[in-house]
Amino acid sequence: MIDPEAQAGWVAEAEAAEEAEEMPLSLRLSIADALTLGNATCGFMAVYFTTTGILIPHLTGSTETGMARNSAATAVVLMLAAAIFDLFDGIVARKLRSSPMGAELDNLSDLISFGLAPAYFVLVYGMVADHPLQQKVSAVAAIVVLLAVVLRLARFSCVTMKDGMFQGMPSPFGALTVVSIVLLELPFVPTLLAIIGVAWLMVSRVEYPKPRGILAVAMLSWIVGAMGMLAAWAFDAPGGQMLLQAGCALQVVLGAVIPLFATARRVNTFRGNRRESREARAEARAAQLP
């Protein structure tokens with residue numbers, strides 16, 4: 001004799017299995033998609049800590065600098081964590097699979113973590129300065145950063161590049177460079193010019209290598225090291241401030257040097273192609289002579 005409750009359970013399981021089979025592929029999330037959603041969550045929480053730990057205490061007149069430092073460090077660590085999720089979701093998608101909406105999820109998550117979060121960080125940086133002109137100009141700079149990421153992600157979806165290369169500074173690298181510029185606490189004008197320069201690099205045609213193989217390991221190591229620097233700074237460890245400044249300076253230097261190497265390589269490639277073309281034409285003319 002069959003237990004009615006057990007029979008009802010079997011029927012429910014069968015119906016659930018049929019519904020799963022009938023579910024469109026576009027609605028099924030893969031492991032890579034879950035990592036991408038982790039990216040978006042980190043970006044949103046970075047905005048949250050920037051607001052609650054830096055902006056609100058400033059607006060309410062709080063003089064507790066330690067909380068602002070801890071919140072700034074937490075916000076940047078979350079952006080770094082978003083970069084790790086962004087790195088691994090691509091690796092997992094190549095090794096396993098991604099859902100049909102994986103590319104769209106990736107772009108939307110990148111917009112939150114590497115567009116909205118750093119732009120908002122720049123905006124708050126200007127607001128806590130208590131200088132009306134600096135506040136307004138910082139708002140413009142934040143908009144420039146946000147629009148640069150929007151344009152870069154839109155172009156990424158439309159332009160086909162050769163394998164292993166990006167066109168324009170990748171948005172995670174650009175976001176971390178923008179935040180590093182702010183944390184360096186340079187004078188306002190150099191900071192503003194550097195931020196705008198990074199925004200321009202993101203929409204430029206400069207080619208950047210994709211983080212694969214050894215480059216991916218180096219990038220992951222650098223992110224983990226940056227997290228350690230931020231933790232030392234947040235907890236006011238001995239030498240923490242100097243360590244943070246050195247890390248931010250290195251990030252900015254990398255942001256400036258990589259385009260120079262990429263441009264030099266592109267120029268050398270162009271010259272090499274022209275030289276080969278001239279040699280081929282000379283050989284063709286020589287072959288035509290009697």
# chains A, B, ... in the order shown; residues from 1 in each chain; ligands from 1
>>> residues_around(residues="range 48-50 of chain A", least_positions_apart="2", cutoff="10 Å", atoms="only C-alpha atoms", output="list in words")
Cys42, Gly43, Phe44, Met45, Ala46, Thr52, Gly53, Ile54, Leu55, Ile56, Ala68, Asn70, Ser71, Ala72, Ala73, Thr74, Ala75, Val76, Leu78, Ala117, Pro118, Tyr120, Phe121, Val124 and Tyr125 of chain A
>>> closest_residue(among="A:Ala141, A:Cys248, A:Leu105, A:Met165", to="Arg212 in chain A", atoms="only C-alpha atoms")
A:Met165
>>> residues_around(residues="range 185-193 of chain A", least_positions_apart="4", cutoff="8 Å", atoms="only C-alpha atoms", output="JSON, numbers by chain")
{"A": [134, 138, 141, 181, 197]}
>>> select_by_dssp(residues="range 15-235 of chain A", states="helix (DSSP H, G or I)", output="MDAnalysis selection string")
chainID A and resid 15:22 25:27 31:59 65:95 102:127 132:158 171:183 188:203 214:234
